[in-house]
file final.txt (compact mmCIF, C-alpha atoms)
# COMPACT_ATOMS: atom_id res chain seq x y z
CA MET T 14 0.00 0.00 0.00
CA MET T 15 1.18 3.51 -0.80
CA ASP T 16 2.59 5.40 2.19
CA ALA T 17 2.65 9.13 2.76
CA ASN T 18 6.41 9.62 2.52
CA ALA T 19 6.31 10.40 -1.21
CA PHE T 20 3.72 13.13 -0.67
CA LYS T 21 5.64 14.49 2.31
CA THR T 22 8.70 14.80 0.07
CA LEU T 23 6.57 16.53 -2.56
CA ARG T 24 5.15 18.90 0.07
CA GLN T 25 8.67 19.78 1.22
CA GLN T 26 9.77 20.47 -2.36
CA LEU T 27 6.75 22.66 -3.06
CA GLY T 28 7.42 24.54 0.18
CA GLN T 29 10.90 25.38 -1.12
CA GLN T 30 9.55 26.63 -4.44
CA VAL T 31 6.59 28.61 -3.03
CA ILE T 32 7.72 30.33 0.15
CA GLY T 33 5.17 31.30 2.78
CA GLN T 34 2.16 29.42 1.41
CA HIS T 35 2.15 26.25 3.52
CA HIS T 36 -1.63 26.18 3.88
CA LEU T 37 -2.13 26.48 0.14
CA ILE T 38 0.33 23.65 -0.54
CA ASN T 39 -1.37 21.40 2.02
CA SER T 40 -4.78 22.20 0.55
CA MET T 41 -3.66 21.40 -3.00
CA LEU T 42 -2.32 18.02 -1.88
CA ILE T 43 -5.53 17.29 0.03
CA ALA T 44 -7.59 18.10 -3.07
CA LEU T 45 -5.34 15.88 -5.20
CA LEU T 46 -5.66 12.98 -2.75
CA SER T 47 -9.42 13.49 -2.46
CA ASP T 48 -10.00 13.56 -6.23
CA GLY T 49 -11.44 17.06 -6.12
CA HIS T 50 -10.99 20.55 -7.53
CA ILE T 51 -9.71 23.62 -5.74
CA LEU T 52 -10.46 27.34 -6.01
CA VAL T 53 -7.71 29.70 -4.81
CA GLU T 54 -8.40 33.35 -4.03
CA GLY T 55 -5.88 35.97 -3.04
CA MET T 56 -4.36 39.34 -3.81
CA PRO T 57 -2.11 39.66 -6.87
CA GLY T 58 1.50 38.59 -6.41
CA LEU T 59 0.97 35.92 -3.75
CA ALA T 60 2.26 33.04 -5.93
CA LYS T 61 -1.15 31.45 -6.55
CA THR T 62 -0.36 30.60 -10.15
CA THR T 63 3.21 29.62 -9.29
CA ALA T 64 2.01 27.17 -6.63
CA VAL T 65 -0.50 25.55 -8.97
CA LYS T 66 2.06 25.26 -11.77
CA SER T 67 4.62 23.79 -9.38
CA LEU T 68 2.19 21.07 -8.31
CA ALA T 69 1.19 20.35 -11.89
CA THR T 70 4.77 19.93 -13.06
CA ALA T 71 5.40 17.46 -10.21
CA ILE T 72 2.64 15.13 -11.39
CA GLU T 73 2.96 12.83 -14.36
CA GLY T 74 0.46 13.84 -17.00
CA GLU T 75 -0.43 16.67 -19.31
CA PHE T 76 -0.74 20.17 -17.89
CA HIS T 77 -2.44 23.16 -19.49
CA ARG T 78 -2.99 26.73 -18.35
CA ILE T 79 -5.91 28.82 -19.58
CA GLN T 80 -6.08 32.56 -19.02
CA PHE T 81 -9.81 33.16 -18.71
CA THR T 82 -11.06 36.30 -20.48
CA PRO T 83 -14.52 37.76 -21.18
CA ASP T 84 -14.29 36.83 -24.87
CA LEU T 85 -13.54 33.15 -24.20
CA LEU T 86 -15.90 30.68 -25.94
CA PRO T 87 -16.95 27.18 -24.78
CA ALA T 88 -15.20 25.70 -27.84
CA ASP T 89 -11.94 27.25 -26.62
CA LEU T 90 -12.28 25.05 -23.55
CA VAL T 91 -13.89 21.77 -24.64
CA GLY T 92 -12.81 21.60 -28.30
CA THR T 93 -14.84 21.49 -31.50
CA ASP T 94 -15.67 19.43 -34.57
CA ILE T 95 -13.37 20.27 -37.49
CA TYR T 96 -14.49 19.62 -41.05
CA GLN T 97 -11.96 17.58 -43.03
CA GLN T 98 -12.25 18.56 -46.68
CA GLU T 99 -10.32 15.48 -47.84
CA THR T 100 -12.77 13.00 -46.31
CA GLY T 101 -15.89 15.15 -46.13
CA GLU T 102 -16.30 14.26 -42.44
CA PHE T 103 -16.08 16.09 -39.15
CA THR T 104 -13.27 15.19 -36.74
CA PHE T 105 -13.32 16.18 -33.07
CA ARG T 106 -10.33 18.21 -31.92
CA ALA T 107 -10.04 18.05 -28.15
CA GLY T 108 -9.65 21.25 -26.14
CA PRO T 109 -7.63 22.04 -23.01
CA LEU T 110 -10.12 20.25 -20.73
CA PHE T 111 -8.70 16.91 -21.86
CA HIS T 112 -5.46 17.51 -19.98
CA HIS T 113 -4.89 15.88 -16.60
CA VAL T 114 -4.24 19.10 -14.67
CA LEU T 115 -5.96 22.31 -15.75
CA LEU T 116 -5.00 25.70 -14.36
CA ALA T 117 -7.96 28.06 -14.83
CA ASP T 118 -6.37 31.45 -14.20
CA GLU T 119 -8.79 34.23 -13.15
CA ILE T 120 -11.75 31.93 -13.62
CA ASN T 121 -14.29 34.62 -12.74
CA ARG T 122 -13.50 36.49 -15.97
CA ALA T 123 -15.15 33.82 -18.14
CA PRO T 124 -18.76 34.37 -19.34
CA PRO T 125 -21.64 32.11 -18.20
CA LYS T 126 -21.53 29.79 -21.24
CA VAL T 127 -17.92 28.94 -20.55
CA GLN T 128 -18.69 28.43 -16.86
CA SER T 129 -21.45 26.01 -17.85
CA ALA T 130 -19.05 23.96 -19.97
CA LEU T 131 -16.51 23.87 -17.15
CA LEU T 132 -19.23 22.90 -14.67
CA GLU T 133 -20.10 19.77 -16.66
CA ALA T 134 -16.44 18.77 -16.79
CA MET T 135 -15.94 19.28 -13.05
CA ALA T 136 -19.15 17.59 -11.96
CA GLU T 137 -19.54 14.76 -14.48
CA ARG T 138 -15.93 14.21 -15.62
CA GLN T 139 -17.13 14.46 -19.22
CA ILE T 140 -17.87 17.07 -21.88
CA THR T 141 -20.53 17.17 -24.58
CA VAL T 142 -19.99 18.54 -28.08
CA GLY T 143 -23.05 18.42 -30.28
CA GLN T 144 -24.69 15.05 -29.65
CA THR T 145 -21.51 13.27 -28.57
CA THR T 146 -20.22 12.92 -25.01
CA TYR T 147 -16.50 12.41 -24.37
CA PRO T 148 -15.08 11.12 -21.06
CA LEU T 149 -12.24 13.00 -19.40
CA PRO T 150 -9.05 11.34 -18.06
CA LYS T 151 -9.29 9.42 -14.79
CA LEU T 152 -6.79 11.81 -13.27
CA PHE T 153 -8.45 15.18 -13.87
CA MET T 154 -8.08 18.16 -11.61
CA VAL T 155 -9.08 21.80 -12.01
CA LEU T 156 -7.08 24.34 -10.02
CA ALA T 157 -8.68 27.74 -10.45
CA THR T 158 -7.56 31.17 -9.25
CA GLN T 159 -9.46 34.41 -8.85
CA ASN T 160 -8.62 37.94 -7.76
CA PRO T 161 -10.86 39.33 -4.97
CA ILE T 162 -10.30 43.02 -5.71
CA GLU T 163 -10.93 43.34 -9.45
CA HIS T 164 -14.61 43.20 -10.38
CA GLU T 165 -14.70 45.05 -13.70
CA GLY T 166 -15.18 42.57 -16.53
CA THR T 167 -15.75 39.64 -14.16
CA TYR T 168 -18.67 37.26 -13.67
CA THR T 169 -19.66 35.98 -10.24
CA LEU T 170 -19.34 32.22 -10.12
CA PRO T 171 -22.76 30.56 -9.75
CA GLU T 172 -23.42 28.70 -6.50
CA ALA T 173 -23.81 25.41 -8.40
CA GLN T 174 -20.28 25.73 -9.73
CA LEU T 175 -18.80 26.87 -6.43
CA ASP T 176 -20.26 23.74 -4.83
CA ARG T 177 -18.29 21.62 -7.31
CA PHE T 178 -15.02 22.91 -5.86
CA LEU T 179 -13.93 20.60 -3.08
CA LEU T 180 -11.94 23.38 -1.39
CA TYR T 181 -12.03 27.17 -1.49
CA VAL T 182 -8.69 28.45 -0.19
CA LYS T 183 -7.90 32.06 0.67
CA VAL T 184 -4.25 33.02 0.35
CA SER T 185 -2.75 35.54 2.77
CA TYR T 186 0.46 37.58 2.80
CA PRO T 187 3.73 35.92 3.90
CA SER T 188 5.38 36.75 7.22
CA ARG T 189 8.31 39.15 7.47
CA GLU T 190 10.86 36.31 7.57
CA GLU T 191 9.22 34.58 4.63
CA GLU T 192 9.23 37.77 2.58
CA LEU T 193 12.93 38.21 3.28
CA ALA T 194 13.48 34.65 2.03
CA ILE T 195 11.53 35.53 -1.13
CA LEU T 196 13.83 38.51 -1.71
CA ALA T 197 16.89 36.30 -1.25
CA LEU T 198 15.46 33.83 -3.75
CA HIS T 199 15.17 36.53 -6.42
CA GLU T 200 18.53 38.20 -5.76
CA PRO T 201 20.44 38.33 -9.09
CA ASN T 202 23.82 36.61 -9.48
CA THR T 203 23.54 34.92 -6.11
CA PRO T 204 25.26 31.51 -5.96
CA PRO T 205 23.06 28.67 -4.64
CA THR T 206 23.42 27.96 -0.95
CA GLU T 207 21.71 25.74 1.57
CA ASN T 208 19.50 28.69 2.56
CA LEU T 209 18.14 29.26 -0.95
CA PRO T 210 15.64 26.76 -2.34
CA ASN T 211 16.01 24.97 -5.64
CA THR T 212 13.24 26.22 -7.90
CA THR T 213 13.68 23.42 -10.46
CA PRO T 214 11.15 20.61 -9.91
CA SER T 215 13.07 17.45 -9.05
CA TYR T 216 10.47 15.12 -7.56
CA HIS T 217 7.69 13.66 -9.66
CA LEU T 218 4.73 11.43 -8.87
CA SER T 219 3.33 9.09 -11.48
CA GLN T 220 -0.38 8.77 -12.10
CA ALA T 221 -0.18 5.29 -10.58
CA ASP T 222 1.31 6.82 -7.40
CA VAL T 223 -1.54 9.33 -7.14
CA LEU T 224 -4.24 6.70 -7.72
CA ALA T 225 -2.59 4.33 -5.19
CA ALA T 226 -2.42 7.15 -2.65
CA ARG T 227 -6.13 7.83 -3.13
CA GLU T 228 -6.86 4.20 -2.36
CA ALA T 229 -4.71 4.41 0.78
CA VAL T 230 -6.53 7.56 1.90
CA GLY T 231 -9.85 5.72 1.51
CA GLN T 232 -8.64 3.14 4.02
CA VAL T 233 -8.01 5.66 6.79
CA TYR T 234 -10.36 4.80 9.66
CA ILE T 235 -13.02 7.25 10.77
CA ASP T 236 -15.09 6.44 13.83
CA PRO T 237 -18.89 6.37 13.36
CA ARG T 238 -19.21 9.00 16.10
CA LEU T 239 -17.03 11.35 14.05
CA LYS T 240 -19.27 10.80 11.05
CA GLU T 241 -22.17 11.84 13.28
CA TYR T 242 -20.12 14.88 14.33
CA ILE T 243 -19.63 15.81 10.67
CA VAL T 244 -23.33 15.45 9.93
CA ASP T 245 -24.20 17.53 13.01
CA ILE T 246 -21.91 20.35 11.83
CA ILE T 247 -23.35 20.41 8.32
CA ARG T 248 -26.94 20.18 9.56
CA ALA T 249 -26.23 23.01 12.01
CA SER T 250 -25.12 25.16 9.06
CA ARG T 251 -28.65 24.75 7.65
CA ALA T 252 -30.67 25.06 10.86
CA PRO T 253 -28.55 26.67 13.59
CA ALA T 254 -31.47 27.88 15.71
CA ALA T 255 -31.10 24.92 18.08
CA TYR T 256 -27.48 25.92 18.78
CA ASP T 257 -27.24 29.71 18.64
CA LYS T 258 -29.69 32.55 17.98
CA ASP T 259 -27.06 34.75 16.34
CA LEU T 260 -26.14 31.97 13.93
CA GLN T 261 -29.82 31.72 13.01
CA ARG T 262 -29.92 35.46 12.22
CA TRP T 263 -26.78 35.28 10.13
CA GLN T 264 -27.68 32.14 8.20
CA ARG T 265 -29.56 32.24 4.92
CA PHE T 266 -28.72 28.91 3.27
CA GLY T 267 -26.52 26.13 4.62
CA ALA T 268 -24.38 23.45 3.03
CA SER T 269 -25.68 20.44 1.10
CA PRO T 270 -24.77 16.78 1.76
CA ARG T 271 -21.95 17.27 -0.74
CA ALA T 272 -20.19 19.17 2.08
CA SER T 273 -20.51 16.16 4.40
CA ILE T 274 -18.97 13.91 1.75
CA ALA T 275 -16.17 16.40 1.13
CA LEU T 276 -15.46 16.71 4.86
CA VAL T 277 -15.02 12.95 5.28
CA ARG T 278 -12.76 12.71 2.23
CA CYS T 279 -10.59 15.69 3.16
CA ALA T 280 -10.31 14.73 6.84
CA ARG T 281 -9.05 11.31 5.76
CA ALA T 282 -6.55 12.88 3.35
CA TYR T 283 -5.30 15.31 6.00
CA ALA T 284 -4.91 12.49 8.53
CA TRP T 285 -3.02 10.38 5.98
CA LEU T 286 -0.68 13.27 5.11
CA SER T 287 -0.06 13.73 8.84
CA GLY T 288 0.98 10.09 9.20
CA GLU T 289 -2.12 9.12 11.18
CA SER T 290 -4.06 5.90 10.67
CA HIS T 291 -7.36 7.37 11.84
CA VAL T 292 -9.28 10.65 11.72
CA THR T 293 -9.52 12.85 14.81
CA PRO T 294 -11.82 15.81 15.57
CA GLN T 295 -8.83 18.12 15.00
CA HIS T 296 -8.46 16.86 11.42
CA ILE T 297 -12.12 17.64 10.77
CA GLN T 298 -11.92 21.10 12.33
CA THR T 299 -8.76 21.98 10.37
CA VAL T 300 -10.18 21.25 6.92
CA LEU T 301 -13.70 22.52 7.64
CA PRO T 302 -13.25 26.25 6.75
CA ASP T 303 -11.95 25.54 3.24
CA ILE T 304 -14.82 23.11 2.64
CA LEU T 305 -17.63 25.23 4.04
CA ARG T 306 -16.86 28.90 3.31
CA HIS T 307 -18.06 28.79 -0.32
CA ARG T 308 -21.10 26.66 0.49
CA LEU T 309 -22.68 29.14 2.91
CA LEU T 310 -24.98 31.99 1.99
CA LEU T 311 -25.26 34.50 4.80
CA SER T 312 -28.06 36.96 5.44
CA PHE T 313 -28.17 40.74 5.20
CA GLU T 314 -28.02 40.83 9.00
CA ALA T 315 -24.67 39.03 8.85
CA GLU T 316 -23.38 41.57 6.36
CA ALA T 317 -24.58 44.40 8.60
CA ASP T 318 -22.81 42.80 11.57
CA ALA T 319 -19.60 42.35 9.50
CA ILE T 320 -19.86 38.58 9.82
CA SER T 321 -17.83 36.66 7.25
CA PRO T 322 -18.23 32.94 6.46
CA ASP T 323 -15.03 32.25 8.42
CA ILE T 324 -16.44 33.93 11.53
CA PHE T 325 -19.67 31.97 11.08
CA ILE T 326 -17.73 28.69 10.81
CA GLU T 327 -15.64 29.48 13.88
CA ARG T 328 -18.81 30.14 15.90
CA LEU T 329 -20.36 26.95 14.48
CA LEU T 330 -17.45 24.86 15.71
CA ARG T 331 -17.81 26.34 19.20
CA VAL T 332 -21.48 25.48 19.57
CA VAL T 333 -21.53 21.98 18.03
CA GLY T 334 -20.29 19.50 20.61
CA VAL T 335 -17.29 17.29 19.93
CA PRO T 336 -17.93 13.58 20.60
call {"tool": "encode", "arguments": {"input": "final.txt", "output": "C-alpha cells"}}
result
Amino acid sequence: MMDANAFKTLRQQLGQQVIGQHHLINSMLIALLSDGHILVEGMPGLAKTTAVKSLATAIEGEFHRIQFTPDLLPADLVGTDIYQQETGEFTFRAGPLFHHVLLADEINRAPPKVQSALLEAMAERQITVGQTTYPLPKLFMVLATQNPIEHEGTYTLPEAQLDRFLLYVKVSYPSREEELAILALHEPNTPPTENLPNTTPSYHLSQADVLAAREAVGQVYIDPRLKEYIVDIIRASRAPAAYDKDLQRWQRFGASPRASIALVRCARAYAWLSGESHVTPQHIQTVLPDILRHRLLLSFEAEADAISPDIFIERLLRVVGVP
C-alpha cells in the first residue's frame, strides 16, 4: 500500500519553491488525494499561479494553463468538430479540458456559457460537443484562481459551480521572515546555498502513485461517532437555531450533503498526510473552513454585523459539541 512519505517529500519540495504558502500547498495536496478541484483566491502577487504550476509539473500527466477572459468561448475550452475537406467528415479536436491538470487562471472572468461547460467537466468528468459525449481522463483536476479586488469585466461564479469545488482556499500575505526569504530567492547573481531553495522541480509522482495514494486515503479509519459529528456540523449550518440565535440570524442557506462527503474525504486525506491511521476531531476542524466557506450563503443581518463565512464557521465549531 502507498505510504505518505512520497507526498511528504513533494510537500517539502513545493514549500521550497513557493515560500510562505504552507496552507495552500497542504490544501492542494488534500484536493489531489481526495480527487477534487480547488479554487484559490488571493491578492495579486501571492504566488497562486506559481504554486499551482509547481504542483502540476510534479505530477505525471499533461498540464495546461488557460487565461480566462470575457471573450472566451466554450469551444476554446472543450474543443470542437473540425471539417476535413479530404474525407468530407467532421473530426473532433479536443480542447484544453482533456489535460490531466488544468489551471484556470482568473476563472471569474469567463462568461456564463464557458462556466457552464466547465461545470459539466468538473461535476460529471465528461464534456458534450453536439450530440456526442466524451469522457475526461481518470486523473483530472481543475485548479482555479481568482482575484478578490478586481470586479470590472468579471462574472460571479454561480453557486452550483462553487459547490463543485472541493476546497475554497484564501491566500494571505507571507510573514516578514518569509518575505525576506523571497527577496533572497530573487537576488540576481547569487550563488546557490543551503539557505536558498532549488526552484527546479526534481520530484515527480506518477499517475499510478496518485491513484494508489487515493486508495490508501480511503482506508483511513473514521469512527462512526465522528461521522455523526460531521453530519451535526453540516446540519447546524442549515438550521442553527437549536445551537445559537445569532447563527440563526446570520444564516440564509446552509451546506448540502456534498459538504458532508467532502469533509469525510478531506479529513481522511489530511490524517493520511499527517501520518495518522485514523481521523480525529482536530483533522475535521482543520479542513472545515476551506470546505464550508463557499457553500454558505449569509443573510443581510450578517453583512450588517460584519460577519464573514469564516467567523460563522468558527462560531459553528464552538457550539456543536465534539464527541
call {"tool": "closest_residue", "arguments": {"input": "final.txt", "among": "T:His199, T:Glu54, T:Leu116, T:Val332", "to": "Tyr256 in chain T", "atoms": "all atoms listed in the file"}}
result
T:Val332
call {"tool": "residues_around", "arguments": {"input": "final.txt", "residues": "His307 in chain T", "least_positions_apart": "4", "cutoff": "12 Å", "atoms": "all atoms listed in the file", "output": "PyMOL selection string"}}
result
chain T and resi 51-54+170-183+266-269+272+301-303+311+321-323+325-326
call {"tool": "write_last_selection", "arguments": {"input": "final.txt", "atoms": "C-alpha atoms", "output": "CSV table (one decimal), in the frame of the given file"}}
result
chain,number,residue,atom,x,y,z
T,51,ILE,CA,-9.7,23.6,-5.7
T,52,LEU,CA,-10.5,27.3,-6.0
T,53,VAL,CA,-7.7,29.7,-4.8
T,54,GLU,CA,-8.4,33.4,-4.0
T,170,LEU,CA,-19.3,32.2,-10.1
T,171,PRO,CA,-22.8,30.6,-9.8
T,172,GLU,CA,-23.4,28.7,-6.5
T,173,ALA,CA,-23.8,25.4,-8.4
T,174,GLN,CA,-20.3,25.7,-9.7
T,175,LEU,CA,-18.8,26.9,-6.4
T,176,ASP,CA,-20.3,23.7,-4.8
T,177,ARG,CA,-18.3,21.6,-7.3
T,178,PHE,CA,-15.0,22.9,-5.9
T,179,LEU,CA,-13.9,20.6,-3.1
T,180,LEU,CA,-11.9,23.4,-1.4
T,181,TYR,CA,-12.0,27.2,-1.5
T,182,VAL,CA,-8.7,28.4,-0.2
T,183,LYS,CA,-7.9,32.1,0.7
T,266,PHE,CA,-28.7,28.9,3.3
T,267,GLY,CA,-26.5,26.1,4.6
T,268,ALA,CA,-24.4,23.4,3.0
T,269,SER,CA,-25.7,20.4,1.1
T,272,ALA,CA,-20.2,19.2,2.1
T,301,LEU,CA,-13.7,22.5,7.6
T,302,PRO,CA,-13.2,26.2,6.8
T,303,ASP,CA,-12.0,25.5,3.2
T,311,LEU,CA,-25.3,34.5,4.8
T,321,SER,CA,-17.8,36.7,7.2
T,322,PRO,CA,-18.2,32.9,6.5
T,323,ASP,CA,-15.0,32.2,8.4
T,325,PHE,CA,-19.7,32.0,11.1
T,326,ILE,CA,-17.7,28.7,10.8
call {"tool": "closest_residue", "arguments": {"input": "final.txt", "among": "T:Asp84, T:Asp94, T:Asp118, T:Asp257", "to": "Pro57 in chain T", "atoms": "all atoms listed in the file"}}
result
T:Asp118
call {"tool": "closest_residue", "arguments": {"input": "final.txt", "among": "T:Ala254, T:Ser219, T:Ala64, T:Arg78", "to": "His36 in chain T", "atoms": "only C-alpha atoms"}}
result
T:Ala64
call {"tool": "residues_around", "arguments": {"input": "final.txt", "residues": "Thr93 in chain T", "least_positions_apart": "2", "cutoff": "6 Å", "atoms": "all atoms listed in the file", "output": "PyMOL selection string"}}
result
chain T and resi 88+105-106
call {"tool": "atom_distance", "arguments": {"input": "final.txt", "atom1": "CA of Gly334 in chain T", "atom2": "CA of Ser312 in chain T"}}
result
24.4 Å
call {"tool": "residues_near_point", "arguments": {"input": "final.txt", "point": "(-10.8, 16.8, 15.5)", "cutoff": "12 Å", "atoms": "only C-alpha atoms", "output": "NGL selection string"}}
result
:T and (235-236 or 238-240 or 242-243 or 276-277 or 280-281 or 283-284 or 291-301 or 330 or 334-336)
call {"tool": "decode", "arguments": {"input": "final.txt", "residues": "range 29-52 of chain T", "atoms": "C-alpha atoms", "output": "CSV table (one decimal), in the first residue's frame"}}
result
chain,number,residue,atom,x,y,z
T,29,GLN,CA,10.9,25.4,-1.1
T,30,GLN,CA,9.5,26.6,-4.4
T,31,VAL,CA,6.6,28.6,-3.0
T,32,ILE,CA,7.7,30.3,0.2
T,33,GLY,CA,5.2,31.3,2.8
T,34,GLN,CA,2.2,29.4,1.4
T,35,HIS,CA,2.2,26.2,3.5
T,36,HIS,CA,-1.6,26.2,3.9
T,37,LEU,CA,-2.1,26.5,0.1
T,38,ILE,CA,0.3,23.7,-0.5
T,39,ASN,CA,-1.4,21.4,2.0
T,40,SER,CA,-4.8,22.2,0.6
T,41,MET,CA,-3.7,21.4,-3.0
T,42,LEU,CA,-2.3,18.0,-1.9
T,43,ILE,CA,-5.5,17.3,0.0
T,44,ALA,CA,-7.6,18.1,-3.1
T,45,LEU,CA,-5.3,15.9,-5.2
T,46,LEU,CA,-5.7,13.0,-2.7
T,47,SER,CA,-9.4,13.5,-2.5
T,48,ASP,CA,-10.0,13.6,-6.2
T,49,GLY,CA,-11.4,17.1,-6.1
T,50,HIS,CA,-11.0,20.5,-7.5
T,51,ILE,CA,-9.7,23.6,-5.7
T,52,LEU,CA,-10.5,27.3,-6.0
